[in-house]
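Colleague: For reference, the structure I am asking about is given below.
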Amino acid sequence: MRAAKVLLFVAWIAVLAATPFFADNNIVRTAIMLAMYSVLAYSWNFIGGFTGYPSFATAAFFGLGCYAGAIVEHAGVPMALAWIAATVFVALFAAVLGAIVLRLRGHYFAIGSIAIVEVCRLVVSSWSSLTGGGNGLNVPLLMWHPNTVAMFFLYVMLGLLAIVFAITVFVDNHRLGFGLKCIRQNEDAADMVGVNTTRYKVIAFVLSAFLCGTAGAVYASWVGYIDPTDSFQILLTVKVPVMTLLGGAGTVLGPAIGTAAFVVLEEFFWANFLSWNRAILGLIIVFLIFFLPGGLLNTSFRRVVRRLRGRESAGASA
Amino acid sequence: MSDYLRLENVSKTFGGIRAVNDVSFALKQGEIVGLIGPNGAGKTTLVNVITGVHPASLGRVIFQGEEVTRQKPFQAARRGLARTFQIVQPFPEMTVLDNVAAGALFGGSPEGLAEAREHAHRHLAFVGLDPIADQPAASLTLPNRKRLELAKSLAMNPKVLMLDEVNAGLNTGEIDTALDLIRRISERGITILLIEHLMKVVMSVSQRLLVLHHGALIAEGEPQKVVNDQHVVEAYLGEKFAKRLKEMGHA
């Protein structure tokens with residue numbers, strides 16, 4: 001069962017990796033975004049899926065990663081080292097912050113995590129001497145052929161995705177994952193059976209953060225210019241949990257499936273209903289809550305089909 | 001045998017309320033001690049103090065010669081101070097088996113998940129839940145949830161087991177089964193602190209009784225002696241009725 005999941009995932013990575021060879025630039029760009037969002041969704045899955053803490057801090061980690069990477073790279077540090085620096089910085093940030101905000105539970109935690117995004121955005125936009133403030137920051141561009149650049153960033157993002165997936169599979173089969181599931185279902189009882197809940201939650205929070213930082217730094221290098229509103233998007237912080245929930249929170253394949261479904265839908269709506277696409281995002285959220293509370297993977301489609309059939313036959317007999 | 005778990009002048013205050021007031025007692029290895037007292041006497045608070053959920057405001061808790069007053073609940077669990085909850089606390093979406101495996105994995109000796117599940121099967125067989133090991137915990141009936149709670153705490157390899165009202169809400173037949181389980185657990189050398197409302201249960205298995213009233217320990221000793229103690233009768237019935245009862249008895 002586990003092997004099948006891993007195989008499916010590898011096949012999916014292979015499809016995305018092959019896009020530069022058969023598809024146009026727009027598709028390759030979408031594939032990069034897809035890989036990036038998958039990294040964010042898998043990251044969120046650790047805290048929101050396994051642990052059941054509804055974090056909205058993804059945009060904060062992503063944005064800080066953007067800026068940490070850009071600032072370090074701006075200072076003349078090689079790109080790859082800048083990415084690592086951003087990763088370490090965001091991981092430390094999450095560890096310190098997690099020890100504080102994870103004392104909150106449920107709605108309070110959710111609101112606290114939204115506040116983190118806003119505070120980060122305000123600090124970054126006010127600290128002009130370091131971050132360029134509202135003017136944003138330029139990042140040195142790669143002087144390669146555009147197609148090579150796109151291919152390079154696609155493979156970097158896919159590499160990150162492979163890393164986060166490997167961590168997910170490991171956590172899922174390890175006592176850490178078991179403990180996190182215990183916390184999700186009943187934190188007091190988890191404490192009582194000997195789970196060090198504080199430590200486990202902080203680990204989950206750091207896992208949910210550090211690769212968002214890397215993805216942010218890679219994104220900054222890719223697009224070449226960042227500003228506070230683009231890096232700390234409140235919409236991003238909503239989108240990522242929705243993607244994970246759409247696929248199935250707390251599962252190994254859910255984030256990949258959810259992200260793929262969401263990005264494809266989003267591209268479709270962007271292309272066809274330019275001024276309506278945010279309203280449509282809202283509709284997807286509502287639909288999700290009412291009809292697929294467990295996500296695509298946790299829904300028993302057999303039961304749905306049976307129910308539909310049952311209704312039909314009942315209608316026929318009436 | 002020396003004292004296994006000892007409480008020295010333990011008090012716990014919540015704001016102005018003194019829920020546990022200067023309580024001292026000791027438990028020896030392998031004994032079954034009943035902790036009784038009217039509603040709100042502070043019995044559950046006392047368990048919370050011992051397991052670190054609400055650390056004592058004053059006084060010390062000593063377990064196997066080590067001071068553990070300030071421990072966290074998960075540390076208590078790993079030291080072997082296990083408890084069950086008055087209101088059962090399962091992991092609802094997990095199977096019965098995994099609920100117990102959680103106890104073995106985190107509270108017991110560190111081992112892999114597969115090994116923990118193996119242990120869990122043994123404990124489930126002991127309490128009689130093995131046939132429904134694969135059902136989700138949320139689907140269990142109340143008596144079975146109580147048994148699950150028991151199996152979960154047993155899987156933690158406890159040295160002291162605090163059973164908070166494990167028999168509440170059970171019928172007579174179910175209580176007899178539960179009592180039998182408690183005796184068999186005690187035979188393994190596990191110290192049991194039995195918190196209970198039902199006098200029949202306490203009287204039949206306890207070797208010693210502790211009586212708590214308004215947070216203070218008002219009597220301690222052999223069950224028969226304790227239940228005839230003037231203070232205890234007054235605590236349960238109120239002074240007026242206690243007096244009337246005494247007069248009736250003498251009349």
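Residue names in the structure tokens use chain letters A, B, ... in the order shown, residue numbers from 1 in each chain, and ligand numbers from 1 in the order shown.
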Residues within 9 Å of Phe50 in chain A, please, as a list in words. Count only C-alpha atoms; anything in the same chain fewer than 4 positions from it doesn't count.

Modeller: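 Contacts, with the query itself left out: Asn45, Phe46, Asp172, Gly177, Phe178, Leu180, Lys181, Cys182, Ile183, Arg184, Ala204, Ala249, Gly250 and Thr251 of chain A.
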
Colleague: Dump all heavy atoms for the selected residues as an mmCIF file, in the first residue's frame?

Modeller:
data_model
loop_
_atom_site.group_PDB
_atom_site.id
_atom_site.type_symbol
_atom_site.label_atom_id
_atom_site.label_comp_id
_atom_site.auth_asym_id
_atom_site.auth_seq_id
_atom_site.Cartn_x
_atom_site.Cartn_y
_atom_site.Cartn_z
ATOM 1 N N ASN A 45 0.581 20.374 5.803
ATOM 2 C CA ASN A 45 -0.003 19.103 6.221
ATOM 3 C C ASN A 45 0.551 18.625 7.570
ATOM 4 O O ASN A 45 -0.133 17.979 8.353
ATOM 5 C CB ASN A 45 0.275 18.061 5.124
ATOM 6 C CG ASN A 45 -0.599 16.840 5.250
ATOM 7 O OD1 ASN A 45 -1.705 16.903 5.770
ATOM 8 N ND2 ASN A 45 -0.076 15.705 4.801
ATOM 9 N N PHE A 46 1.805 18.968 7.880
ATOM 10 C CA PHE A 46 2.388 18.519 9.152
ATOM 11 C C PHE A 46 1.653 19.124 10.338
ATOM 12 O O PHE A 46 1.309 18.430 11.279
ATOM 13 C CB PHE A 46 3.876 18.909 9.235
ATOM 14 C CG PHE A 46 4.740 18.149 8.287
ATOM 15 C CD1 PHE A 46 5.414 18.795 7.269
ATOM 16 C CD2 PHE A 46 4.872 16.770 8.420
ATOM 17 C CE1 PHE A 46 6.214 18.095 6.397
ATOM 18 C CE2 PHE A 46 5.660 16.059 7.538
ATOM 19 C CZ PHE A 46 6.335 16.723 6.520
ATOM 20 N N ASP A 172 4.776 9.770 8.727
ATOM 21 C CA ASP A 172 3.543 9.000 8.750
ATOM 22 C C ASP A 172 3.743 7.614 9.370
ATOM 23 O O ASP A 172 2.842 7.057 9.988
ATOM 24 C CB ASP A 172 3.002 8.874 7.316
ATOM 25 C CG ASP A 172 1.606 8.293 7.285
ATOM 26 O OD1 ASP A 172 0.775 8.754 8.077
ATOM 27 O OD2 ASP A 172 1.361 7.374 6.484
ATOM 28 N N GLY A 177 4.689 10.798 13.838
ATOM 29 C CA GLY A 177 3.392 10.928 13.186
ATOM 30 C C GLY A 177 2.265 10.372 14.037
ATOM 31 O O GLY A 177 1.191 10.949 14.132
ATOM 32 N N PHE A 178 2.533 9.244 14.686
ATOM 33 C CA PHE A 178 1.533 8.614 15.557
ATOM 34 C C PHE A 178 1.191 9.563 16.701
ATOM 35 O O PHE A 178 0.020 9.761 17.026
ATOM 36 C CB PHE A 178 2.108 7.300 16.099
ATOM 37 C CG PHE A 178 1.066 6.352 16.597
ATOM 38 C CD1 PHE A 178 0.358 5.569 15.710
ATOM 39 C CD2 PHE A 178 0.811 6.240 17.945
ATOM 40 C CE1 PHE A 178 -0.604 4.687 16.169
ATOM 41 C CE2 PHE A 178 -0.146 5.359 18.410
ATOM 42 C CZ PHE A 178 -0.857 4.589 17.522
ATOM 43 N N LEU A 180 1.561 12.826 16.712
ATOM 44 C CA LEU A 180 0.856 13.995 16.188
ATOM 45 C C LEU A 180 -0.625 13.677 15.970
ATOM 46 O O LEU A 180 -1.491 14.488 16.262
ATOM 47 C CB LEU A 180 1.496 14.464 14.872
ATOM 48 C CG LEU A 180 2.915 15.019 14.982
ATOM 49 C CD1 LEU A 180 3.439 15.441 13.616
ATOM 50 C CD2 LEU A 180 2.990 16.182 15.954
ATOM 51 N N LYS A 181 -0.896 12.452 15.476
ATOM 52 C CA LYS A 181 -2.301 12.074 15.287
ATOM 53 C C LYS A 181 -3.019 11.991 16.629
ATOM 54 O O LYS A 181 -4.195 12.331 16.736
ATOM 55 C CB LYS A 181 -2.394 10.747 14.546
ATOM 56 C CG LYS A 181 -2.110 10.891 13.068
ATOM 57 C CD LYS A 181 -2.074 9.535 12.370
ATOM 58 C CE LYS A 181 -1.324 9.642 11.059
ATOM 59 N NZ LYS A 181 -0.926 8.323 10.549
ATOM 60 N N CYS A 182 -2.308 11.518 17.656
ATOM 61 C CA CYS A 182 -2.896 11.479 19.002
ATOM 62 C C CYS A 182 -3.249 12.895 19.452
ATOM 63 O O CYS A 182 -4.327 13.133 19.987
ATOM 64 C CB CYS A 182 -1.927 10.869 20.014
ATOM 65 S SG CYS A 182 -1.693 9.106 19.844
ATOM 66 N N ILE A 183 -2.325 13.838 19.212
ATOM 67 C CA ILE A 183 -2.565 15.220 19.627
ATOM 68 C C ILE A 183 -3.787 15.772 18.910
ATOM 69 O O ILE A 183 -4.620 16.447 19.501
ATOM 70 C CB ILE A 183 -1.328 16.100 19.330
ATOM 71 C CG1 ILE A 183 -0.168 15.688 20.246
ATOM 72 C CG2 ILE A 183 -1.647 17.574 19.501
ATOM 73 C CD1 ILE A 183 1.141 16.370 19.950
ATOM 74 N N ARG A 184 -3.902 15.456 17.607
ATOM 75 C CA ARG A 184 -5.031 15.968 16.843
ATOM 76 C C ARG A 184 -6.353 15.479 17.435
ATOM 77 O O ARG A 184 -7.312 16.227 17.543
ATOM 78 C CB ARG A 184 -4.930 15.509 15.384
ATOM 79 C CG ARG A 184 -6.104 16.016 14.530
ATOM 80 C CD ARG A 184 -6.021 15.529 13.115
ATOM 81 N NE ARG A 184 -6.212 14.099 13.040
ATOM 82 C CZ ARG A 184 -5.742 13.334 12.063
ATOM 83 N NH1 ARG A 184 -5.057 13.866 11.092
ATOM 84 N NH2 ARG A 184 -5.947 12.042 12.055
ATOM 85 N N ALA A 204 6.413 19.751 14.682
ATOM 86 C CA ALA A 204 5.477 19.807 13.552
ATOM 87 C C ALA A 204 5.442 21.208 12.957
ATOM 88 O O ALA A 204 5.383 21.378 11.736
ATOM 89 C CB ALA A 204 4.076 19.388 13.997
ATOM 90 N N ALA A 249 -6.491 16.097 4.354
ATOM 91 C CA ALA A 249 -5.485 16.493 5.333
ATOM 92 C C ALA A 249 -5.001 15.283 6.123
ATOM 93 O O ALA A 249 -5.776 14.368 6.402
ATOM 94 C CB ALA A 249 -6.063 17.545 6.275
ATOM 95 N N GLY A 250 -3.733 15.267 6.439
ATOM 96 C CA GLY A 250 -3.198 14.186 7.252
ATOM 97 C C GLY A 250 -2.928 12.914 6.464
ATOM 98 O O GLY A 250 -2.632 11.879 7.042
ATOM 99 N N THR A 251 -3.036 12.970 5.124
ATOM 100 C CA THR A 251 -2.736 11.795 4.303
ATOM 101 C C THR A 251 -1.432 12.034 3.544
ATOM 102 O O THR A 251 -0.944 13.153 3.474
ATOM 103 C CB THR A 251 -3.861 11.520 3.290
ATOM 104 O OG1 THR A 251 -3.999 12.673 2.457
ATOM 105 C CG2 THR A 251 -5.180 11.250 3.982
#

Colleague: Using only C-alpha atoms, select each residue of chain A with any atom at most 8 Å away from an atom of chain B, and give the selection as a PyMOL selection string.

Modeller: chain A and resi 174-175+178-179+182+185-186+189+191-197

Colleague: Using the selection just defined, write its residues with N, CA, C and O atoms as a short mmCIF file (atom, residue, chain, number, x, y, z; two decimals), in the first residue's frame.

Modeller:
data_model
loop_
_atom_site.label_atom_id
_atom_site.label_comp_id
_atom_site.auth_asym_id
_atom_site.auth_seq_id
_atom_site.Cartn_x
_atom_site.Cartn_y
_atom_site.Cartn_z
N HIS A 174 6.20 6.80 11.55
CA HIS A 174 7.12 6.92 12.67
C HIS A 174 6.32 7.31 13.90
O HIS A 174 5.19 7.77 13.80
N ARG A 175 6.94 7.15 15.08
CA ARG A 175 6.22 7.50 16.30
C ARG A 175 5.84 8.97 16.33
O ARG A 175 4.86 9.35 16.96
N PHE A 178 2.53 9.24 14.69
CA PHE A 178 1.53 8.61 15.56
C PHE A 178 1.19 9.56 16.70
O PHE A 178 0.02 9.76 17.03
N GLY A 179 2.23 10.17 17.28
CA GLY A 179 2.02 11.11 18.38
C GLY A 179 1.24 12.34 17.92
O GLY A 179 0.35 12.80 18.62
N CYS A 182 -2.31 11.52 17.66
CA CYS A 182 -2.90 11.48 19.00
C CYS A 182 -3.25 12.90 19.45
O CYS A 182 -4.33 13.13 19.99
N GLN A 185 -6.37 14.22 17.84
CA GLN A 185 -7.65 13.66 18.26
C GLN A 185 -8.01 13.98 19.69
O GLN A 185 -9.19 14.08 20.04
N ASN A 186 -7.01 14.11 20.56
CA ASN A 186 -7.30 14.40 21.96
C ASN A 186 -5.99 14.77 22.65
O ASN A 186 -5.25 13.90 23.10
N ALA A 189 -5.48 13.61 26.32
CA ALA A 189 -5.21 12.17 26.43
C ALA A 189 -3.82 11.85 25.93
O ALA A 189 -3.12 11.00 26.49
N ASP A 191 -1.20 13.74 26.13
CA ASP A 191 -0.33 14.13 27.23
C ASP A 191 -0.28 13.01 28.29
O ASP A 191 0.78 12.65 28.80
N MET A 192 -1.45 12.45 28.54
CA MET A 192 -1.57 11.45 29.60
C MET A 192 -0.93 10.11 29.25
O MET A 192 -0.56 9.35 30.13
N VAL A 193 -0.86 9.79 27.95
CA VAL A 193 -0.21 8.52 27.60
C VAL A 193 1.29 8.72 27.43
O VAL A 193 2.00 7.78 27.10
N GLY A 194 1.78 9.92 27.64
CA GLY A 194 3.22 10.12 27.63
C GLY A 194 3.78 10.78 26.39
O GLY A 194 4.98 10.73 26.16
N VAL A 195 2.92 11.41 25.57
CA VAL A 195 3.43 12.15 24.42
C VAL A 195 3.89 13.52 24.93
O VAL A 195 3.12 14.21 25.60
N ASN A 196 5.12 13.89 24.62
CA ASN A 196 5.61 15.22 24.99
C ASN A 196 4.99 16.21 24.01
O ASN A 196 5.57 16.56 22.99
N THR A 197 3.76 16.63 24.33
CA THR A 197 2.96 17.36 23.34
C THR A 197 3.62 18.67 22.91
O THR A 197 3.61 18.99 21.72
#

Colleague: Determine which residues of range 5-248 of chain B receive a DSSP assignment of strand (DSSP E), computed from the backbone, and state them as a PyMOL selection string.

Modeller: chain B and resi 5-14+17-28+32-36+58-63+66-67+81-84+160-164+191-195+208-213+216-221

Colleague: Counting only C-alpha atoms, what is within 12 Å of Phe205 in chain A, bar same-chain residues fewer than 4 positions away, as a compact mmCIF listing (two decimals) with N, CA, C and O atoms, in the first residue's frame?

Modeller:
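Wrote it out as selection24.txt, contents follow:
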# COMPACT_ATOMS: atom_id res chain seq x y z
N SER A 43 3.93 20.95 3.43
CA SER A 43 4.44 21.52 4.67
C SER A 43 3.31 21.80 5.64
O SER A 43 3.36 21.42 6.81
N TRP A 44 2.25 22.40 5.14
CA TRP A 44 1.10 22.72 6.00
C TRP A 44 0.49 21.45 6.59
O TRP A 44 -0.01 21.44 7.72
N ASN A 45 0.58 20.37 5.80
CA ASN A 45 0.00 19.10 6.22
C ASN A 45 0.55 18.63 7.57
O ASN A 45 -0.13 17.98 8.35
N PHE A 46 1.81 18.97 7.88
CA PHE A 46 2.39 18.52 9.15
C PHE A 46 1.65 19.12 10.34
O PHE A 46 1.31 18.43 11.28
N ILE A 47 1.41 20.44 10.26
CA ILE A 47 0.78 21.09 11.42
C ILE A 47 -0.74 21.05 11.31
O ILE A 47 -1.45 20.75 12.26
N GLY A 48 -1.27 21.31 10.11
CA GLY A 48 -2.72 21.37 9.95
C GLY A 48 -3.34 20.00 9.77
O GLY A 48 -4.43 19.73 10.26
N GLY A 49 -2.65 19.10 9.08
CA GLY A 49 -3.21 17.78 8.81
C GLY A 49 -2.92 16.80 9.93
O GLY A 49 -3.81 16.34 10.62
N PHE A 50 -1.65 16.49 10.14
CA PHE A 50 -1.30 15.49 11.15
C PHE A 50 -1.67 15.95 12.56
O PHE A 50 -2.27 15.22 13.33
N THR A 51 -1.29 17.20 12.89
CA THR A 51 -1.46 17.68 14.25
C THR A 51 -2.82 18.31 14.50
O THR A 51 -3.24 18.43 15.66
N GLY A 52 -3.50 18.74 13.42
CA GLY A 52 -4.82 19.32 13.59
C GLY A 52 -4.81 20.74 14.13
O GLY A 52 -5.79 21.18 14.70
N TYR A 53 -3.70 21.44 13.98
CA TYR A 53 -3.66 22.85 14.38
C TYR A 53 -3.84 23.71 13.13
O TYR A 53 -2.97 23.71 12.26
N PRO A 54 -4.95 24.45 13.03
CA PRO A 54 -5.24 25.20 11.80
C PRO A 54 -4.34 26.41 11.67
O PRO A 54 -4.69 27.52 12.01
N SER A 55 -3.15 26.20 11.12
CA SER A 55 -2.19 27.29 10.99
C SER A 55 -2.44 28.10 9.74
O SER A 55 -2.68 27.55 8.67
N PHE A 56 -2.41 29.43 9.87
CA PHE A 56 -2.48 30.30 8.71
C PHE A 56 -1.18 31.07 8.56
O PHE A 56 -1.15 32.16 8.04
N ALA A 57 -0.09 30.48 9.05
CA ALA A 57 1.18 31.19 9.05
C ALA A 57 2.01 30.90 7.80
O ALA A 57 3.10 31.45 7.67
N THR A 58 1.51 30.06 6.89
CA THR A 58 2.29 29.68 5.70
C THR A 58 2.87 30.89 4.97
O THR A 58 4.05 30.91 4.62
N PHE A 61 5.98 32.31 6.60
CA PHE A 61 7.21 31.53 6.36
C PHE A 61 7.70 31.73 4.93
O PHE A 61 8.88 31.90 4.68
N VAL A 90 14.21 30.58 8.63
CA VAL A 90 12.77 30.34 8.82
C VAL A 90 12.54 29.22 9.83
O VAL A 90 11.62 29.29 10.65
N ALA A 91 13.38 28.21 9.81
CA ALA A 91 13.23 27.10 10.77
C ALA A 91 13.41 27.63 12.20
O ALA A 91 12.62 27.31 13.10
N LEU A 92 14.42 28.45 12.42
CA LEU A 92 14.65 29.02 13.75
C LEU A 92 13.48 29.91 14.16
O LEU A 92 13.00 29.85 15.30
N PHE A 93 13.05 30.73 13.21
CA PHE A 93 11.91 31.61 13.46
C PHE A 93 10.70 30.79 13.92
O PHE A 93 10.05 31.11 14.92
N ALA A 94 10.42 29.69 13.21
CA ALA A 94 9.26 28.86 13.53
C ALA A 94 9.43 28.20 14.90
O ALA A 94 8.47 28.06 15.66
N ALA A 95 10.65 27.79 15.22
CA ALA A 95 10.88 27.11 16.49
C ALA A 95 10.61 28.07 17.65
O ALA A 95 9.93 27.72 18.63
N VAL A 96 11.15 29.28 17.54
CA VAL A 96 10.96 30.27 18.62
C VAL A 96 9.48 30.65 18.73
O VAL A 96 8.89 30.66 19.81
N LEU A 97 8.90 30.93 17.57
CA LEU A 97 7.51 31.36 17.55
C LEU A 97 6.56 30.24 17.98
O LEU A 97 5.60 30.46 18.72
N GLY A 98 6.87 29.03 17.53
CA GLY A 98 6.02 27.88 17.86
C GLY A 98 5.91 27.67 19.35
O GLY A 98 4.84 27.40 19.89
N ALA A 99 7.02 27.83 20.05
CA ALA A 99 7.02 27.63 21.49
C ALA A 99 6.07 28.61 22.17
O ALA A 99 5.55 28.33 23.25
N ILE A 100 5.80 29.74 21.49
CA ILE A 100 4.89 30.73 22.07
C ILE A 100 3.45 30.49 21.61
O ILE A 100 2.55 30.31 22.43
N VAL A 101 3.23 30.46 20.27
CA VAL A 101 1.83 30.44 19.80
C VAL A 101 1.16 29.07 19.94
O VAL A 101 -0.05 29.00 19.94
N LEU A 102 1.96 28.01 20.10
CA LEU A 102 1.33 26.70 20.20
C LEU A 102 0.69 26.47 21.57
O LEU A 102 0.09 25.43 21.83
N SER A 113 -2.04 32.85 14.32
CA SER A 113 -1.15 32.57 13.19
C SER A 113 -1.39 33.54 12.03
O SER A 113 -0.47 33.88 11.29
N LEU A 180 1.56 12.83 16.71
CA LEU A 180 0.86 14.00 16.19
C LEU A 180 -0.62 13.68 15.97
O LEU A 180 -1.49 14.49 16.26
N THR A 198 4.21 19.40 23.84
CA THR A 198 4.84 20.68 23.47
C THR A 198 5.93 20.45 22.44
O THR A 198 5.98 21.10 21.40
N ARG A 199 6.81 19.46 22.72
CA ARG A 199 7.92 19.21 21.80
C ARG A 199 7.42 18.75 20.44
O ARG A 199 7.88 19.22 19.39
N TYR A 200 6.45 17.84 20.45
CA TYR A 200 5.92 17.33 19.19
C TYR A 200 5.29 18.43 18.36
O TYR A 200 5.46 18.49 17.14
N LYS A 201 4.56 19.33 19.02
CA LYS A 201 3.90 20.40 18.28
C LYS A 201 4.92 21.35 17.69
O LYS A 201 4.78 21.80 16.55
N ALA A 209 7.26 24.77 8.42
CA ALA A 209 7.78 26.09 8.07
C ALA A 209 9.02 26.05 7.17
O ALA A 209 9.10 26.79 6.20
N PHE A 210 9.98 25.16 7.51
CA PHE A 210 11.31 25.38 6.94
C PHE A 210 11.36 25.27 5.42
O PHE A 210 12.01 26.06 4.76
N LEU A 211 10.60 24.32 4.84
CA LEU A 211 10.63 24.21 3.38
C LEU A 211 9.82 25.30 2.70
O LEU A 211 10.06 25.63 1.54
N CYS A 212 8.87 25.92 3.46
CA CYS A 212 8.20 27.11 2.93
C CYS A 212 9.23 28.21 2.76
O CYS A 212 9.18 28.98 1.79

Colleague: Pick out the residues sitting within 12 Å of Val227 in chain B, and hand them over as an MDAnalysis selection string; count only C-alpha atoms, and ignore anything fewer than 6 positions along from it in its own chain.

Modeller: chainID B and resid 34 36:37 199:200 202:203 208:211 218:221 233:237

Colleague: Considering only C-alpha atoms, return as a list in words whatever protein or nucleic-acid residues lie within 9 Å of Leu27 in chain B, sequence-local ones (same chain, fewer than 6 positions apart) excluded.

Modeller: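 Counting only C-alpha atoms, the residues come to Ser2, Asp3, Tyr4, Leu5, Arg6, Leu7, Val33, Val160, Thr191, Ile192 and Leu193 of chain B.
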
Colleague: For the selection you just gave me, I'd like the residues written to a file as a tab-separated table (two decimals), in the first residue's frame, keeping N, CA, C and O atoms.

Modeller:
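Result saved to result_29.tsv:
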chain	number	residue	atom	x	y	z
B	2	SER	N	9.06	-0.11	51.67
B	2	SER	CA	9.05	1.34	51.88
B	2	SER	C	7.92	1.99	51.07
B	2	SER	O	7.29	1.34	50.24
B	3	ASP	N	7.73	3.25	51.30
B	3	ASP	CA	6.67	3.98	50.59
B	3	ASP	C	7.02	4.11	49.11
B	3	ASP	O	8.15	4.38	48.77
B	4	TYR	N	6.02	3.90	48.30
B	4	TYR	CA	6.22	3.93	46.86
B	4	TYR	C	5.93	5.34	46.35
B	4	TYR	O	6.76	5.98	45.73
B	5	LEU	N	4.74	5.76	46.66
B	5	LEU	CA	4.32	7.12	46.30
B	5	LEU	C	3.93	7.82	47.58
B	5	LEU	O	3.17	7.29	48.38
B	6	ARG	N	4.51	9.00	47.81
B	6	ARG	CA	4.24	9.69	49.07
B	6	ARG	C	3.86	11.14	48.80
B	6	ARG	O	4.51	11.83	48.02
B	7	LEU	N	2.81	11.59	49.44
B	7	LEU	CA	2.42	12.99	49.36
B	7	LEU	C	2.70	13.64	50.71
B	7	LEU	O	2.29	13.10	51.75
B	33	VAL	N	-5.72	0.87	47.30
B	33	VAL	CA	-6.21	1.85	48.26
B	33	VAL	C	-7.39	2.57	47.65
B	33	VAL	O	-7.34	3.01	46.50
B	160	VAL	N	2.02	2.77	39.38
B	160	VAL	CA	0.84	3.18	40.14
B	160	VAL	C	-0.26	3.50	39.15
B	160	VAL	O	-0.04	4.23	38.18
B	191	THR	N	0.41	-0.89	42.07
B	191	THR	CA	-0.32	-0.20	43.12
B	191	THR	C	-1.55	0.46	42.51
B	191	THR	O	-1.45	1.08	41.45
B	192	ILE	N	-2.68	0.31	43.17
B	192	ILE	CA	-3.90	0.89	42.62
B	192	ILE	C	-4.52	1.88	43.59
B	192	ILE	O	-4.73	1.57	44.76
B	193	LEU	N	-4.77	3.08	43.07
B	193	LEU	CA	-5.52	4.07	43.84
B	193	LEU	C	-6.89	4.14	43.18
B	193	LEU	O	-7.03	4.58	42.04

Colleague: Quote the spacing between CA of Trp12 in chain A and CA of Phe273 in chain A in Å to one decimal place.

Modeller: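 Distance between the two atoms: 28.1 Å.
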
Colleague: Write out as a list of chain:residue names which residues come within 12 Å of Gly132 in chain A when counting only C-alpha atoms, dropping same-chain ones fewer than 3 positions away.

Modeller: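 What passes the distance filter is A:Tyr67, A:Ala70, A:Ile71, A:His74, A:Val123, A:Val124, A:Ser125, A:Ser126, A:Trp127, A:Ser128, A:Ser129, A:Asn135, A:Gly136, A:Leu137, A:Asn138, A:Val139, A:Tyr225, A:Ile226, A:Asp227, A:Pro228.
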
Colleague: Would you please give, as a PyMOL selection string, all residues of range 44-216 of chain B that DSSP assigns to helix (DSSP H, G or I) based on the backbone?

Modeller: chain B and resi 44-50+73-79+96-107+113-127+130-132+137-139+142-155+172-187+199-205
